[in-house]
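Peer 1: This is the structure I want to talk about, given as structure tokens.
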Amino acid sequence: MKTQVGAGVDFAVLANKVGVFVPSVESGQRVEQGTVLGSVEDRQLVSPVGATVVSVIAARTTVPANYPVVTLRFDGFGLTGDLSNLVATVGNAPFAGKFQVTDGVGPTDCSGVVPLASDASSGAEGQSSTISISDSYACLIPTDSLVRAGQSAILVVTAQARNDVASLPVTAVAGRLQKGQVRRPDGTVLDVGLGATDGARIEITSGLKAGDAVSATPPDLDPQSK
């Protein structure tokens with residue numbers, strides 16, 4: 001995508017699984033790359049860059065996967081872009097990025113590709129009750145890259161491909177986000193877990209295994225299901 005260099009980026013760190021969030025930092029604290037920001041169950045969350053903590057949700061909050069738990073402010077340059085189509089395809093999988101500034105530096109790897117934080121509502125004791133994010137993500141430019149605000153650039157964002165997974169045509173599945181339903185040939189409806197999709201096929205994470213047969217028509221589109 002075509003984009004422009006901007007100064008200062010507020011971004012969110014997302015929970016990497018379902019569970020109880022335990023913070024290790026507090027609002028206003030300066031952190032370095034690799035600093036542990038907190039954990040969700042047995043999974044640690046770390047800062048991709050040196051930044052300042054803007055807000056942290058309340059300790060011991062039970063959160064779903066991909067829930068924003070910490071907002072950080074990167075006092076450097078970044079490139080922003082709408083990744084809604086990519087997120088819809090692969091979910092909030094880890095992204096990587098590379099950029100080329102027009103008549104400038106590059107191609108250079110992003111220090112991180114992170115979701116932009118659009119708002120944080122303050123709660124008790126300086127903690128945040130909610131953190132809002134948008135469909136826009138930011139490529140954090142390494143601090144040793146010679147760039148300036150307003151320069152044009154090309155940004156390429158990639159996600160890791162999923163191979164050798166059980167999948168079905170999207171036309172055979174009711175639902176798209178994490179949970180869905182399929183109909184077996186005998187007419188019974190089965191709940192299934194859903195994962196990544198390429199727009200034509202969708203990953204089945206639970207409820208079915210490779211070789212299982214299902215109807216080509218999903219439950220909510222079958223007139224006989226009403």
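In the structure tokens, each chain is lettered A, B, ... as it comes, each chain's residues begin at 1, and ligands are numbered from 1 in order of appearance.
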Please provide as a list of chain:residue names all residues within 7 Å of Pro115 of chain A, with the sequence filter that same-chain residues fewer than 2 positions apart are discarded (counting only C-alpha atoms).

Peer 2: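 Final neighbour list, sorted by chain and number: A:Phe11, A:Ala12, A:Ala117, A:Ile133, A:Ser136, A:Tyr137, A:Ala138.
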
Peer 1: Would you mind exporting the chosen residues as a short mmCIF file (atom, residue, chain, number, x, y, z; two decimals), in the first residue's frame, restricted to all heavy atoms?

Peer 2:
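The file below, result07.cif, is the result:
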data_model
loop_
_atom_site.label_atom_id
_atom_site.label_comp_id
_atom_site.auth_asym_id
_atom_site.auth_seq_id
_atom_site.Cartn_x
_atom_site.Cartn_y
_atom_site.Cartn_z
N PHE A 11 -0.17 2.64 19.98
CA PHE A 11 -0.61 1.33 19.51
C PHE A 11 -0.97 0.42 20.69
O PHE A 11 -0.60 0.68 21.84
CB PHE A 11 0.47 0.67 18.65
CG PHE A 11 1.75 0.31 19.36
CD1 PHE A 11 1.93 -0.97 19.87
CD2 PHE A 11 2.77 1.24 19.51
CE1 PHE A 11 3.11 -1.32 20.51
CE2 PHE A 11 3.95 0.90 20.14
CZ PHE A 11 4.12 -0.38 20.65
N ALA A 12 -1.73 -0.61 20.37
CA ALA A 12 -2.21 -1.53 21.40
C ALA A 12 -1.47 -2.86 21.33
O ALA A 12 -1.06 -3.30 20.27
CB ALA A 12 -3.71 -1.76 21.24
N ALA A 117 -4.06 2.24 18.46
CA ALA A 117 -5.01 2.50 19.54
C ALA A 117 -5.67 3.83 19.26
O ALA A 117 -5.00 4.85 19.10
CB ALA A 117 -4.29 2.53 20.89
N ILE A 133 -9.41 0.02 19.43
CA ILE A 133 -8.50 -0.08 18.30
C ILE A 133 -9.30 0.05 17.01
O ILE A 133 -10.53 -0.08 17.02
CB ILE A 133 -7.70 -1.40 18.30
CG1 ILE A 133 -8.65 -2.61 18.27
CG2 ILE A 133 -6.79 -1.47 19.51
CD1 ILE A 133 -7.92 -3.92 18.16
N SER A 136 -6.84 0.12 11.35
CA SER A 136 -5.53 0.58 10.89
C SER A 136 -4.41 0.01 11.75
O SER A 136 -4.55 -0.14 12.97
CB SER A 136 -5.46 2.11 10.92
OG SER A 136 -6.32 2.67 9.97
N TYR A 137 -3.33 -0.32 11.09
CA TYR A 137 -2.13 -0.81 11.76
C TYR A 137 -0.97 0.13 11.43
O TYR A 137 -1.04 0.92 10.48
CB TYR A 137 -1.79 -2.22 11.28
CG TYR A 137 -2.56 -3.31 11.99
CD1 TYR A 137 -3.94 -3.38 11.89
CD2 TYR A 137 -1.91 -4.27 12.76
CE1 TYR A 137 -4.66 -4.38 12.53
CE2 TYR A 137 -2.61 -5.28 13.40
CZ TYR A 137 -3.98 -5.34 13.29
OH TYR A 137 -4.68 -6.32 13.93
N ALA A 138 0.08 0.04 12.22
CA ALA A 138 1.25 0.88 11.99
C ALA A 138 2.50 0.04 11.86
O ALA A 138 2.71 -0.91 12.63
CB ALA A 138 1.43 1.88 13.13
#

Peer 1: Please identify all polymer residues within 7 Å of Ser39 of chain A, counting only C-alpha atoms, omitting same-chain residues fewer than 6 positions from it, and present them as an MDAnalysis selection string.

Peer 2: chainID A and resid 21:23 45

Peer 1: Selection from above, N, CA, C and O atoms, as a compact mmCIF listing (two decimals), in the first residue's frame, can you write it?

Peer 2:
# COMPACT_ATOMS: atom_id res chain seq x y z
N PHE A 21 -5.69 -11.51 32.69
CA PHE A 21 -4.56 -10.64 32.39
C PHE A 21 -3.93 -10.13 33.69
O PHE A 21 -4.63 -9.59 34.56
N VAL A 22 -2.62 -10.30 33.80
CA VAL A 22 -1.86 -9.81 34.96
C VAL A 22 -0.81 -8.83 34.44
O VAL A 22 0.14 -9.25 33.77
N PRO A 23 -0.96 -7.52 34.71
CA PRO A 23 0.01 -6.54 34.18
C PRO A 23 1.32 -6.56 34.95
O PRO A 23 1.38 -6.89 36.13
N LEU A 45 3.40 -11.10 27.37
CA LEU A 45 3.27 -10.07 26.35
C LEU A 45 4.46 -9.14 26.48
O LEU A 45 4.75 -8.64 27.56

Peer 1: Show me a table, sorted first by chain and then by increasing residue number, of the residues of segment 9-77 of chain A having an atom at most 12 Å from segment 100-112 of chain A, each with its shortest atom pair and the distance in Å to one decimal, counting only C-alpha atoms and written as a Markdown table.

Peer 2:
| residue | atom | partner | partner_atom | distance |
| --- | --- | --- | --- | --- |
| A:Val9 | CA | A:Gly112 | CA | 11.7 |
| A:Phe11 | CA | A:Gly112 | CA | 10.6 |
| A:Ala12 | CA | A:Gly112 | CA | 11.8 |
| A:Val13 | CA | A:Gly112 | CA | 11.3 |
| A:Gln33 | CA | A:Ser111 | CA | 9.7 |
| A:Gly34 | CA | A:Ser111 | CA | 11.7 |
| A:Val46 | CA | A:Gly112 | CA | 11.7 |
| A:Ser47 | CA | A:Gly112 | CA | 9.5 |
| A:Pro48 | CA | A:Gly112 | CA | 6.1 |
| A:Val49 | CA | A:Ser111 | CA | 6.9 |
| A:Gly50 | CA | A:Ser111 | CA | 10.2 |
| A:Phe74 | CA | A:Gly112 | CA | 11.0 |
| A:Gly76 | CA | A:Ser111 | CA | 10.9 |
| A:Phe77 | CA | A:Cys110 | CA | 10.6 |

Peer 1: Would you please work out which residue, of A:Val25, A:Val5, A:Asp135, A:Asp220, is nearest to Leu86 of chain A when using only C-alpha atoms?

Peer 2: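 The answer is A:Asp135, which sits nearest to Leu86 of chain A.
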
Peer 1: Distance atom CA of Ala159 of chain A-atom CA of Gly8 of chain A, one decimal place?

Peer 2: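 Pair atom CA of Ala159 of chain A / atom CA of Gly8 of chain A returns 24.4 Å.
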
Peer 1: If you run DSSP over the backbone, which residues in segment 30-194 of chain A end up strand (DSSP E or B)? Put them as a PyMOL selection string.

Peer 2: chain A and resi 30-31+36-40+43-46+51-57+61-63+68-82+95-101+108-109+112-122+128-140+152-159+167-169+174+179-183+189-194

Peer 1: Nearest to Pro218 of chain A among A:Thr171, A:Asn16, A:Thr158, A:Ser145, with distances taken over only C-alpha atoms: which residue is it?

Peer 2: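 Going through A:Thr171, A:Asn16, A:Thr158, A:Ser145 one by one, the smallest distance to Pro218 of chain A is for A:Thr171.
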
Peer 1: Give me the segment 124-162 of chain A side of the contact with segment 188-207 of chain A, cut-off 12 Å, one line per residue showing its nearest atom pair and distance in Å at one decimal, counting only C-alpha atoms, sorted by chain and residue number, as JSON lines.

Peer 2:
{"residue": "A:Ala159", "atom": "CA", "partner": "A:Ala196", "partner_atom": "CA", "distance": 11.0}
{"residue": "A:Gln160", "atom": "CA", "partner": "A:Ala196", "partner_atom": "CA", "distance": 10.7}
{"residue": "A:Ala161", "atom": "CA", "partner": "A:Ala196", "partner_atom": "CA", "distance": 9.2}
{"residue": "A:Arg162", "atom": "CA", "partner": "A:Ala196", "partner_atom": "CA", "distance": 7.8}

Peer 1: Let me make sure I understand: among A:Asp10, A:Asp212, A:Glu32, A:Glu26, which one has the smallest atom-to-atom distance to Val114 of chain A if we use only C-alpha atoms?

Peer 2: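 Of the candidates, the smallest distance to Val114 of chain A is held by A:Asp10.
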
Peer 1: Work out how far apart atom CA of Asp42 of chain A and atom CA of Gln29 of chain A are and give it in Å to one decimal.

Peer 2: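 Separating atom CA of Asp42 of chain A from atom CA of Gln29 of chain A is a distance of 23.2 Å.
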
Peer 1: Given the choices A:Ala149, A:Leu155, A:Val36, A:Ala210, which gets closest to Ser24 of chain A if the distance is worked out from only C-alpha atoms?

Peer 2: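 Smallest distance to Ser24 of chain A is found for A:Val36.
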